[in-house]
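A.B. asks: My structure file query_20.tsv, TSV, C-alpha atoms, is below:
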chain	number	residue	atom	x	y	z
A	743	MET	CA	0.00	0.00	0.00
A	744	GLU	CA	1.35	3.42	-1.00
A	745	SER	CA	1.97	5.85	1.87
A	746	GLU	CA	-0.34	8.86	1.97
A	747	PHE	CA	2.84	10.91	2.48
A	748	ASN	CA	3.87	10.56	-1.12
A	749	LYS	CA	5.43	13.93	-1.95
A	750	VAL	CA	8.95	14.96	-1.08
A	751	ILE	CA	9.50	18.72	-1.00
A	752	GLY	CA	13.12	19.59	-0.40
A	753	ASN	CA	13.97	16.77	2.00
A	754	VAL	CA	10.57	16.76	3.76
A	755	GLU	CA	8.08	13.95	3.25
A	756	CYS	CA	4.62	15.50	2.90
A	757	LYS	CA	1.06	14.92	1.81
A	758	LEU	CA	-1.28	17.39	0.17
A	759	LEU	CA	-3.70	18.80	2.72
A	760	LEU	CA	-5.43	21.61	0.77
A	761	SER	CA	-5.07	22.47	-2.91
A	762	TRP	CA	-4.95	26.06	-4.12
A	763	SER	CA	-8.53	25.78	-5.40
A	764	GLU	CA	-9.70	24.50	-1.98
A	765	ILE	CA	-7.81	27.33	-0.26
A	766	ASN	CA	-9.52	29.87	-2.54
A	767	ILE	CA	-12.94	28.47	-1.60
A	768	LEU	CA	-12.08	28.91	2.09
A	769	ILE	CA	-10.84	32.46	1.52
A	770	LYS	CA	-14.01	33.38	-0.36
A	771	LYS	CA	-16.14	31.91	2.46
A	772	ILE	CA	-14.26	34.02	5.03
A	773	ALA	CA	-14.52	37.15	2.85
A	774	LEU	CA	-18.29	36.73	2.51
A	775	GLU	CA	-18.63	36.34	6.31
A	776	ILE	CA	-16.63	39.54	6.88
A	777	VAL	CA	-18.68	41.51	4.35
A	778	LYS	CA	-21.90	40.31	5.99
A	779	ASP	CA	-20.69	41.19	9.50
A	780	PHE	CA	-19.55	44.68	8.49
A	781	SER	CA	-22.52	45.51	6.24
A	782	LYS	CA	-23.93	48.07	8.70
A	783	GLU	CA	-20.62	49.69	9.64
A	784	THR	CA	-19.90	53.19	8.36
A	785	THR	CA	-16.10	53.03	8.58
A	786	SER	CA	-13.78	50.61	6.86
A	787	PRO	CA	-11.81	48.11	8.97
A	788	ILE	CA	-8.09	47.53	8.88
A	789	LEU	CA	-6.83	44.02	8.15
A	790	VAL	CA	-3.73	43.61	10.34
A	791	MET	CA	-1.72	40.70	8.94
A	792	VAL	CA	0.69	38.91	11.26
A	793	THR	CA	3.96	38.59	9.36
A	794	ASN	CA	5.37	36.60	7.80
A	795	GLY	CA	2.94	33.70	7.80
A	796	ALA	CA	-0.31	35.57	7.19
A	797	LEU	CA	0.94	37.65	4.23
A	798	TYR	CA	-0.14	35.11	1.61
A	799	PHE	CA	-3.56	34.46	3.12
A	800	GLY	CA	-4.07	38.12	4.06
A	801	THR	CA	-3.21	39.41	0.60
A	802	ASN	CA	-5.57	36.94	-1.05
A	803	LEU	CA	-8.29	37.75	1.48
A	804	SER	CA	-7.85	41.46	0.75
A	805	LEU	CA	-8.18	40.80	-2.99
A	806	LYS	CA	-11.36	38.75	-2.43
A	807	LEU	CA	-12.78	41.56	-0.29
A	808	GLN	CA	-11.91	44.03	-3.04
A	809	ASP	CA	-13.73	41.82	-5.57
A	810	LEU	CA	-16.78	42.09	-3.28
A	811	ASN	CA	-16.44	45.93	-3.26
A	812	PHE	CA	-15.64	45.88	0.45
A	813	ASP	CA	-13.70	48.97	1.53
A	814	HIS	CA	-10.81	48.19	3.88
A	815	GLN	CA	-7.19	48.99	4.61
A	816	ILE	CA	-4.26	46.67	5.26
A	817	ASP	CA	-1.38	46.78	7.69
A	818	THR	CA	1.06	44.35	9.27
A	819	ILE	CA	2.45	43.49	12.67
A	820	GLY	CA	5.61	41.46	13.06
A	821	LEU	CA	5.41	38.67	15.63
A	822	LYS	CA	7.53	35.58	16.11
A	823	ARG	CA	6.99	32.64	18.37
A	824	TYR	CA	8.35	29.59	16.59
A	825	PHE	CA	12.04	29.14	16.07
A	826	GLY	CA	14.15	26.78	13.99
A	827	ASP	CA	13.42	23.78	16.23
A	828	GLY	CA	9.65	24.18	15.74
A	829	ASN	CA	9.04	24.72	19.44
A	830	GLY	CA	6.93	27.69	20.43
A	831	GLY	CA	8.49	30.07	22.90
A	832	LEU	CA	7.52	33.49	24.13
A	833	VAL	CA	5.89	35.78	21.57
A	834	GLU	CA	8.35	38.36	20.28
A	835	LEU	CA	7.12	41.69	18.85
A	836	LEU	CA	9.28	42.46	15.79
A	837	SER	CA	7.38	45.41	14.27
A	838	HIS	CA	4.38	47.61	15.04
A	839	PRO	CA	1.53	48.45	12.65
A	840	LYS	CA	2.04	51.70	10.71
A	841	ASN	CA	-1.61	52.88	10.92
A	842	LYS	CA	-3.23	54.38	13.98
A	843	LEU	CA	-5.48	51.56	15.23
A	844	GLY	CA	-7.22	53.47	18.02
A	845	GLY	CA	-10.98	53.80	17.54
A	846	ARG	CA	-10.91	51.61	14.42
A	847	ASP	CA	-12.41	48.23	13.59
A	848	ILE	CA	-9.52	45.77	13.40
A	849	ILE	CA	-9.48	42.32	11.79
A	850	VAL	CA	-6.33	40.46	12.80
A	851	VAL	CA	-5.31	38.02	10.05
A	852	GLU	CA	-3.34	34.89	11.01
A	853	ASP	CA	-2.25	31.91	8.92
A	854	ILE	CA	-2.87	29.28	11.60
A	855	VAL	CA	-3.96	29.33	15.23
A	856	ASP	CA	-2.50	26.41	17.17
A	857	ASP	CA	-2.65	26.96	20.92
A	858	GLY	CA	-3.75	30.61	20.69
A	859	LYS	CA	-0.77	32.10	22.56
A	860	THR	CA	0.11	34.50	19.73
A	861	LEU	CA	-3.48	35.77	19.54
A	862	LYS	CA	-3.64	36.22	23.32
A	863	PHE	CA	-0.45	38.28	23.15
A	864	LEU	CA	-1.85	40.33	20.27
A	865	ASP	CA	-5.20	40.81	21.99
A	866	SER	CA	-3.43	42.24	25.06
A	867	TYR	CA	-1.20	44.42	22.86
A	868	LEU	CA	-4.18	45.91	20.98
A	869	LYS	CA	-6.29	46.47	24.09
A	870	CYS	CA	-3.39	48.27	25.80
A	871	LEU	CA	-2.88	50.85	23.05
A	872	GLU	CA	-3.19	54.45	24.26
A	873	VAL	CA	-6.47	54.57	22.31
A	874	PRO	CA	-7.83	51.03	21.97
A	875	PRO	CA	-9.51	49.84	18.77
A	876	LYS	CA	-13.28	50.20	18.40
A	877	SER	CA	-13.49	46.44	17.82
A	878	ILE	CA	-11.11	43.54	17.33
A	879	ARG	CA	-11.98	40.44	15.34
A	880	TYR	CA	-9.73	37.52	14.56
A	881	CYS	CA	-9.41	35.61	11.31
A	882	ALA	CA	-7.32	32.52	10.52
A	883	LEU	CA	-7.05	30.32	7.47
A	884	LEU	CA	-6.48	27.28	9.69
A	885	THR	CA	-7.13	26.47	13.34
A	886	ARG	CA	-6.37	23.54	15.60
A	887	GLY	CA	-9.09	22.93	18.13
A	888	GLU	CA	-11.66	25.40	19.41
A	889	HIS	CA	-10.66	29.04	19.80
A	890	PRO	CA	-13.55	31.23	20.94
A	891	ILE	CA	-11.52	34.34	20.11
A	892	VAL	CA	-11.35	33.43	16.38
A	893	ASN	CA	-14.34	34.97	14.57
A	894	TYR	CA	-13.55	33.76	11.04
A	895	PHE	CA	-11.66	30.64	10.02
A	896	GLY	CA	-11.39	28.46	6.97
A	897	GLU	CA	-10.59	24.94	8.16
A	898	ASN	CA	-10.16	23.31	11.57
A	899	LEU	CA	-7.31	20.79	11.44
A	900	THR	CA	-7.66	17.51	13.25
A	901	ILE	CA	-4.17	16.24	12.48
A	902	PRO	CA	-1.09	16.78	14.69
A	903	ASN	CA	1.23	17.36	11.74
A	904	TRP	CA	3.20	20.52	11.10
A	905	VAL	CA	1.87	22.22	7.97
A	906	CYS	CA	3.57	24.31	5.30
A	907	GLY	CA	2.70	26.33	2.24
A	908	CYS	CA	0.45	29.35	1.63
A	909	GLY	CA	2.63	31.38	4.01
A	910	MET	CA	3.23	28.71	6.64
A	911	ASP	CA	6.79	27.47	6.92
A	912	LEU	CA	8.98	24.69	8.20
A	913	GLY	CA	12.03	26.42	9.65
A	914	GLU	CA	11.55	29.40	7.29
A	915	GLU	CA	11.39	27.03	4.30
A	916	LEU	CA	8.49	26.01	2.02
A	917	ARG	CA	6.46	29.16	2.84
A	918	VAL	CA	6.04	29.99	-0.86
A	919	LEU	CA	4.24	26.78	-1.81
A	920	ARG	CA	0.81	27.48	-3.27
A	921	ASN	CA	-0.86	24.40	-1.76
A	922	ILE	CA	-0.84	23.46	1.93
A	923	TYR	CA	0.98	20.28	2.88
A	924	ALA	CA	1.22	18.25	6.08
A	925	LYS	CA	4.68	17.12	7.14
A	926	LYS	CA	5.07	13.46	8.00
A	927	VAL	CA	5.45	13.01	11.75
A	928	THR	CA	8.66	11.05	12.41
Just give me the structure of the file as structure tokens.
C.D. replies:
Amino acid sequence: MESEFNKVIGNVECKLLLSWSEINILIKKIALEIVKDFSKETTSPILVMVTNGALYFGTNLSLKLQDLNFDHQIDTIGLKRYFGDGNGGLVELLSHPKNKLGGRDIIVVEDIVDDGKTLKFLDSYLKCLEVPPKSIRYCALLTRGEHPIVNYFGENLTIPNWVCGCGMDLGEELRVLRNIYAKKVT
């Protein structure tokens, strides 16, 4: 019987988890939910993408929102929690958003929410701004388990594997893959 982990990328044995067309369906679903939720708002929200992982998802989400004639702005915040060994440590703030976030509707865009520590850090950061945001919503392409703080998500993973592609990396590698792959657990 052929192993389901039948693709080798670099030196990593992987299996396809989500194709680009499946990812696009998830992004469109999330975009439609955001448009519906903000239909009565009079000001445009800011999508704050957590770099580097959320840049791919966030950019494609922004384009889908633009296709739906949804007015919004984009910004980034640099955070790092995972290091070369794949173990999560303390969240490190690498760069601040450029826009003034106080009094604004914020949608934080993440690639994947595992244990939620990065989002908890970010939630505290945003709520402690001199002028806090009007509202904060959280959006992730992928989640693992239940996260009440995440308002919009594409797919809840039930596998323990590390994933890569569509912005997610394995030791800063494989981030640029269009599809999302699961790494074989060894």
A.B. asks: Please, what distance in Å, to one decimal, runs between CA of Thr860 in chain A and CA of Ile751 in chain A?
C.D. replies: 27.7 Å
A.B. asks: Around the point (-0.1, 20.8, 7.3), in the coordinates given by the file, pick out the residues reaching within 12 Å, counting only C-alpha atoms, and return them as a ChimeraX atom specification.
C.D. replies: /A:747,754-761,853-854,856,883-886,897-912,916-917,919,921-927
A.B. asks: Please provide as an mmCIF file with C-alpha atoms, keeping the file's coordinate frame all residues within 12 Å of Val833 in chain A, with the sequence filter that same-chain residues fewer than 5 positions apart are discarded (counting only C-alpha atoms).
C.D. replies:
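What follows is the written file around25.cif:
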data_model
loop_
_atom_site.group_PDB
_atom_site.id
_atom_site.type_symbol
_atom_site.label_atom_id
_atom_site.label_comp_id
_atom_site.auth_asym_id
_atom_site.auth_seq_id
_atom_site.Cartn_x
_atom_site.Cartn_y
_atom_site.Cartn_z
ATOM 1 C CA VAL A 792 0.690 38.910 11.260
ATOM 2 C CA GLY A 820 5.610 41.460 13.060
ATOM 3 C CA LEU A 821 5.410 38.670 15.630
ATOM 4 C CA LYS A 822 7.530 35.580 16.110
ATOM 5 C CA ARG A 823 6.990 32.640 18.370
ATOM 6 C CA TYR A 824 8.350 29.590 16.590
ATOM 7 C CA PHE A 825 12.040 29.140 16.070
ATOM 8 C CA GLY A 858 -3.750 30.610 20.690
ATOM 9 C CA LYS A 859 -0.770 32.100 22.560
ATOM 10 C CA THR A 860 0.110 34.500 19.730
ATOM 11 C CA LEU A 861 -3.480 35.770 19.540
ATOM 12 C CA LYS A 862 -3.640 36.220 23.320
ATOM 13 C CA PHE A 863 -0.450 38.280 23.150
ATOM 14 C CA LEU A 864 -1.850 40.330 20.270
ATOM 15 C CA SER A 866 -3.430 42.240 25.060
ATOM 16 C CA TYR A 867 -1.200 44.420 22.860
#
A.B. asks: Using only C-alpha atoms, determine which residues lie at most 9 Å from Val850 in chain A, disregarding the query and same-chain residues fewer than 4 positions distant; provide the list as number ranges by chain.
C.D. replies: A: 788-792, 861, 864, 878-882
A.B. asks: Please identify all polymer residues lying at most 9 Å from the point (-4.6, 37.3, 3.0) (file coordinates), using only C-alpha atoms, and present the result as a PyMOL selection string.
C.D. replies: chain A and resi 769+789+791+796-806+851-853+883
A.B. asks: Any chance you could work out the axis-aligned box around range 749-761 of chain A, listed atoms only, 5 Å on each side, giving centre and edge lengths in Å to one decimal, as JSON?
C.D. replies:
{"center_x": 4.3, "center_y": 18.2, "center_z": 0.4, "size_x": 29.4, "size_y": 18.5, "size_z": 16.7}
A.B. asks: Counting only C-alpha atoms, which of A:Ile849, A:Asn766, A:Leu843, A:Lys771 gets nearest to Pro874 in chain A?
C.D. replies: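 Going through A:Ile849, A:Asn766, A:Leu843, A:Lys771 one by one, the smallest distance to Pro874 in chain A is for A:Leu843.
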A.B. asks: Would you work out the distance separating CA of Lys770 in chain A from CA of Gln815 in chain A, expressed in Å to one decimal?
C.D. replies: 17.7 Å
A.B. asks: Taking the block just given, write range 744-889 of chain A to a file that holds C-alpha atoms, as a PDB file, in the first residue's frame.
C.D. replies:
ATOM      1  CA  GLU A 744       1.350   3.418  -0.997  1.00  0.00           C
ATOM      2  CA  SER A 745       1.967   5.850   1.869  1.00  0.00           C
ATOM      3  CA  GLU A 746      -0.339   8.863   1.967  1.00  0.00           C
ATOM      4  CA  PHE A 747       2.843  10.911   2.481  1.00  0.00           C
ATOM      5  CA  ASN A 748       3.867  10.565  -1.121  1.00  0.00           C
ATOM      6  CA  LYS A 749       5.427  13.926  -1.955  1.00  0.00           C
ATOM      7  CA  VAL A 750       8.952  14.961  -1.084  1.00  0.00           C
ATOM      8  CA  ILE A 751       9.505  18.719  -0.999  1.00  0.00           C
ATOM      9  CA  GLY A 752      13.122  19.588  -0.396  1.00  0.00           C
ATOM     10  CA  ASN A 753      13.970  16.767   1.997  1.00  0.00           C
ATOM     11  CA  VAL A 754      10.572  16.764   3.756  1.00  0.00           C
ATOM     12  CA  GLU A 755       8.083  13.945   3.246  1.00  0.00           C
ATOM     13  CA  CYS A 756       4.621  15.500   2.899  1.00  0.00           C
ATOM     14  CA  LYS A 757       1.056  14.921   1.813  1.00  0.00           C
ATOM     15  CA  LEU A 758      -1.283  17.390   0.170  1.00  0.00           C
ATOM     16  CA  LEU A 759      -3.703  18.805   2.719  1.00  0.00           C
ATOM     17  CA  LEU A 760      -5.430  21.606   0.767  1.00  0.00           C
ATOM     18  CA  SER A 761      -5.073  22.467  -2.913  1.00  0.00           C
ATOM     19  CA  TRP A 762      -4.954  26.064  -4.116  1.00  0.00           C
ATOM     20  CA  SER A 763      -8.535  25.784  -5.401  1.00  0.00           C
ATOM     21  CA  GLU A 764      -9.704  24.503  -1.983  1.00  0.00           C
ATOM     22  CA  ILE A 765      -7.814  27.335  -0.261  1.00  0.00           C
ATOM     23  CA  ASN A 766      -9.517  29.865  -2.540  1.00  0.00           C
ATOM     24  CA  ILE A 767     -12.941  28.472  -1.596  1.00  0.00           C
ATOM     25  CA  LEU A 768     -12.082  28.906   2.091  1.00  0.00           C
ATOM     26  CA  ILE A 769     -10.837  32.464   1.516  1.00  0.00           C
ATOM     27  CA  LYS A 770     -14.014  33.381  -0.365  1.00  0.00           C
ATOM     28  CA  LYS A 771     -16.142  31.913   2.460  1.00  0.00           C
ATOM     29  CA  ILE A 772     -14.263  34.023   5.027  1.00  0.00           C
ATOM     30  CA  ALA A 773     -14.520  37.153   2.851  1.00  0.00           C
ATOM     31  CA  LEU A 774     -18.290  36.726   2.514  1.00  0.00           C
ATOM     32  CA  GLU A 775     -18.634  36.345   6.313  1.00  0.00           C
ATOM     33  CA  ILE A 776     -16.635  39.540   6.879  1.00  0.00           C
ATOM     34  CA  VAL A 777     -18.683  41.509   4.348  1.00  0.00           C
ATOM     35  CA  LYS A 778     -21.901  40.308   5.990  1.00  0.00           C
ATOM     36  CA  ASP A 779     -20.686  41.192   9.500  1.00  0.00           C
ATOM     37  CA  PHE A 780     -19.550  44.676   8.493  1.00  0.00           C
ATOM     38  CA  SER A 781     -22.522  45.513   6.243  1.00  0.00           C
ATOM     39  CA  LYS A 782     -23.932  48.067   8.696  1.00  0.00           C
ATOM     40  CA  GLU A 783     -20.617  49.691   9.640  1.00  0.00           C
ATOM     41  CA  THR A 784     -19.897  53.190   8.363  1.00  0.00           C
ATOM     42  CA  THR A 785     -16.103  53.029   8.580  1.00  0.00           C
ATOM     43  CA  SER A 786     -13.776  50.608   6.858  1.00  0.00           C
ATOM     44  CA  PRO A 787     -11.810  48.113   8.966  1.00  0.00           C
ATOM     45  CA  ILE A 788      -8.088  47.526   8.883  1.00  0.00           C
ATOM     46  CA  LEU A 789      -6.830  44.017   8.148  1.00  0.00           C
ATOM     47  CA  VAL A 790      -3.734  43.605  10.336  1.00  0.00           C
ATOM     48  CA  MET A 791      -1.715  40.704   8.944  1.00  0.00           C
ATOM     49  CA  VAL A 792       0.691  38.905  11.262  1.00  0.00           C
ATOM     50  CA  THR A 793       3.961  38.586   9.358  1.00  0.00           C
ATOM     51  CA  ASN A 794       5.373  36.598   7.801  1.00  0.00           C
ATOM     52  CA  GLY A 795       2.940  33.700   7.800  1.00  0.00           C
ATOM     53  CA  ALA A 796      -0.311  35.572   7.189  1.00  0.00           C
ATOM     54  CA  LEU A 797       0.940  37.646   4.234  1.00  0.00           C
ATOM     55  CA  TYR A 798      -0.144  35.114   1.607  1.00  0.00           C
ATOM     56  CA  PHE A 799      -3.564  34.459   3.120  1.00  0.00           C
ATOM     57  CA  GLY A 800      -4.074  38.119   4.059  1.00  0.00           C
ATOM     58  CA  THR A 801      -3.208  39.412   0.600  1.00  0.00           C
ATOM     59  CA  ASN A 802      -5.565  36.939  -1.054  1.00  0.00           C
ATOM     60  CA  LEU A 803      -8.289  37.751   1.480  1.00  0.00           C
ATOM     61  CA  SER A 804      -7.853  41.461   0.751  1.00  0.00           C
ATOM     62  CA  LEU A 805      -8.179  40.795  -2.994  1.00  0.00           C
ATOM     63  CA  LYS A 806     -11.365  38.753  -2.434  1.00  0.00           C
ATOM     64  CA  LEU A 807     -12.781  41.557  -0.287  1.00  0.00           C
ATOM     65  CA  GLN A 808     -11.907  44.034  -3.040  1.00  0.00           C
ATOM     66  CA  ASP A 809     -13.733  41.816  -5.572  1.00  0.00           C
ATOM     67  CA  LEU A 810     -16.776  42.090  -3.282  1.00  0.00           C
ATOM     68  CA  ASN A 811     -16.445  45.927  -3.255  1.00  0.00           C
ATOM     69  CA  PHE A 812     -15.636  45.877   0.448  1.00  0.00           C
ATOM     70  CA  ASP A 813     -13.700  48.965   1.531  1.00  0.00           C
ATOM     71  CA  HIS A 814     -10.813  48.187   3.884  1.00  0.00           C
ATOM     72  CA  GLN A 815      -7.186  48.990   4.606  1.00  0.00           C
ATOM     73  CA  ILE A 816      -4.265  46.674   5.263  1.00  0.00           C
ATOM     74  CA  ASP A 817      -1.377  46.782   7.692  1.00  0.00           C
ATOM     75  CA  THR A 818       1.065  44.352   9.275  1.00  0.00           C
ATOM     76  CA  ILE A 819       2.446  43.488  12.675  1.00  0.00           C
ATOM     77  CA  GLY A 820       5.609  41.456  13.064  1.00  0.00           C
ATOM     78  CA  LEU A 821       5.408  38.667  15.628  1.00  0.00           C
ATOM     79  CA  LYS A 822       7.532  35.583  16.113  1.00  0.00           C
ATOM     80  CA  ARG A 823       6.987  32.635  18.375  1.00  0.00           C
ATOM     81  CA  TYR A 824       8.346  29.591  16.589  1.00  0.00           C
ATOM     82  CA  PHE A 825      12.035  29.141  16.074  1.00  0.00           C
ATOM     83  CA  GLY A 826      14.153  26.775  13.994  1.00  0.00           C
ATOM     84  CA  ASP A 827      13.422  23.784  16.226  1.00  0.00           C
ATOM     85  CA  GLY A 828       9.649  24.177  15.741  1.00  0.00           C
ATOM     86  CA  ASN A 829       9.043  24.718  19.436  1.00  0.00           C
ATOM     87  CA  GLY A 830       6.930  27.687  20.428  1.00  0.00           C
ATOM     88  CA  GLY A 831       8.486  30.066  22.896  1.00  0.00           C
ATOM     89  CA  LEU A 832       7.520  33.495  24.125  1.00  0.00           C
ATOM     90  CA  VAL A 833       5.894  35.776  21.566  1.00  0.00           C
ATOM     91  CA  GLU A 834       8.349  38.359  20.278  1.00  0.00           C
ATOM     92  CA  LEU A 835       7.123  41.691  18.853  1.00  0.00           C
ATOM     93  CA  LEU A 836       9.275  42.458  15.794  1.00  0.00           C
ATOM     94  CA  SER A 837       7.376  45.409  14.274  1.00  0.00           C
ATOM     95  CA  HIS A 838       4.384  47.609  15.038  1.00  0.00           C
ATOM     96  CA  PRO A 839       1.529  48.450  12.651  1.00  0.00           C
ATOM     97  CA  LYS A 840       2.040  51.699  10.712  1.00  0.00           C
ATOM     98  CA  ASN A 841      -1.610  52.878  10.917  1.00  0.00           C
ATOM     99  CA  LYS A 842      -3.234  54.376  13.979  1.00  0.00           C
ATOM    100  CA  LEU A 843      -5.478  51.562  15.231  1.00  0.00           C
ATOM    101  CA  GLY A 844      -7.223  53.467  18.017  1.00  0.00           C
ATOM    102  CA  GLY A 845     -10.978  53.803  17.539  1.00  0.00           C
ATOM    103  CA  ARG A 846     -10.906  51.611  14.424  1.00  0.00           C
ATOM    104  CA  ASP A 847     -12.410  48.232  13.593  1.00  0.00           C
ATOM    105  CA  ILE A 848      -9.517  45.766  13.396  1.00  0.00           C
ATOM    106  CA  ILE A 849      -9.475  42.324  11.790  1.00  0.00           C
ATOM    107  CA  VAL A 850      -6.329  40.463  12.798  1.00  0.00           C
ATOM    108  CA  VAL A 851      -5.305  38.019  10.051  1.00  0.00           C
ATOM    109  CA  GLU A 852      -3.343  34.893  11.008  1.00  0.00           C
ATOM    110  CA  ASP A 853      -2.245  31.911   8.921  1.00  0.00           C
ATOM    111  CA  ILE A 854      -2.869  29.282  11.602  1.00  0.00           C
ATOM    112  CA  VAL A 855      -3.957  29.334  15.233  1.00  0.00           C
ATOM    113  CA  ASP A 856      -2.504  26.407  17.170  1.00  0.00           C
ATOM    114  CA  ASP A 857      -2.653  26.957  20.920  1.00  0.00           C
ATOM    115  CA  GLY A 858      -3.751  30.606  20.695  1.00  0.00           C
ATOM    116  CA  LYS A 859      -0.768  32.101  22.557  1.00  0.00           C
ATOM    117  CA  THR A 860       0.106  34.501  19.733  1.00  0.00           C
ATOM    118  CA  LEU A 861      -3.485  35.766  19.540  1.00  0.00           C
ATOM    119  CA  LYS A 862      -3.643  36.223  23.321  1.00  0.00           C
ATOM    120  CA  PHE A 863      -0.452  38.284  23.152  1.00  0.00           C
ATOM    121  CA  LEU A 864      -1.852  40.330  20.274  1.00  0.00           C
ATOM    122  CA  ASP A 865      -5.203  40.813  21.993  1.00  0.00           C
ATOM    123  CA  SER A 866      -3.426  42.243  25.064  1.00  0.00           C
ATOM    124  CA  TYR A 867      -1.204  44.416  22.856  1.00  0.00           C
ATOM    125  CA  LEU A 868      -4.175  45.913  20.981  1.00  0.00           C
ATOM    126  CA  LYS A 869      -6.294  46.473  24.094  1.00  0.00           C
ATOM    127  CA  CYS A 870      -3.387  48.269  25.803  1.00  0.00           C
ATOM    128  CA  LEU A 871      -2.875  50.845  23.052  1.00  0.00           C
ATOM    129  CA  GLU A 872      -3.190  54.445  24.257  1.00  0.00           C
ATOM    130  CA  VAL A 873      -6.469  54.572  22.305  1.00  0.00           C
ATOM    131  CA  PRO A 874      -7.833  51.031  21.971  1.00  0.00           C
ATOM    132  CA  PRO A 875      -9.507  49.844  18.767  1.00  0.00           C
ATOM    133  CA  LYS A 876     -13.282  50.203  18.399  1.00  0.00           C
ATOM    134  CA  SER A 877     -13.490  46.443  17.821  1.00  0.00           C
ATOM    135  CA  ILE A 878     -11.110  43.535  17.330  1.00  0.00           C
ATOM    136  CA  ARG A 879     -11.982  40.444  15.337  1.00  0.00           C
ATOM    137  CA  TYR A 880      -9.727  37.516  14.559  1.00  0.00           C
ATOM    138  CA  CYS A 881      -9.411  35.614  11.314  1.00  0.00           C
ATOM    139  CA  ALA A 882      -7.321  32.523  10.523  1.00  0.00           C
ATOM    140  CA  LEU A 883      -7.049  30.324   7.474  1.00  0.00           C
ATOM    141  CA  LEU A 884      -6.482  27.278   9.693  1.00  0.00           C
ATOM    142  CA  THR A 885      -7.126  26.472  13.342  1.00  0.00           C
ATOM    143  CA  ARG A 886      -6.372  23.537  15.600  1.00  0.00           C
ATOM    144  CA  GLY A 887      -9.094  22.929  18.131  1.00  0.00           C
ATOM    145  CA  GLU A 888     -11.656  25.400  19.415  1.00  0.00           C
ATOM    146  CA  HIS A 889     -10.663  29.035  19.795  1.00  0.00           C
TER     147      HIS A 889
END
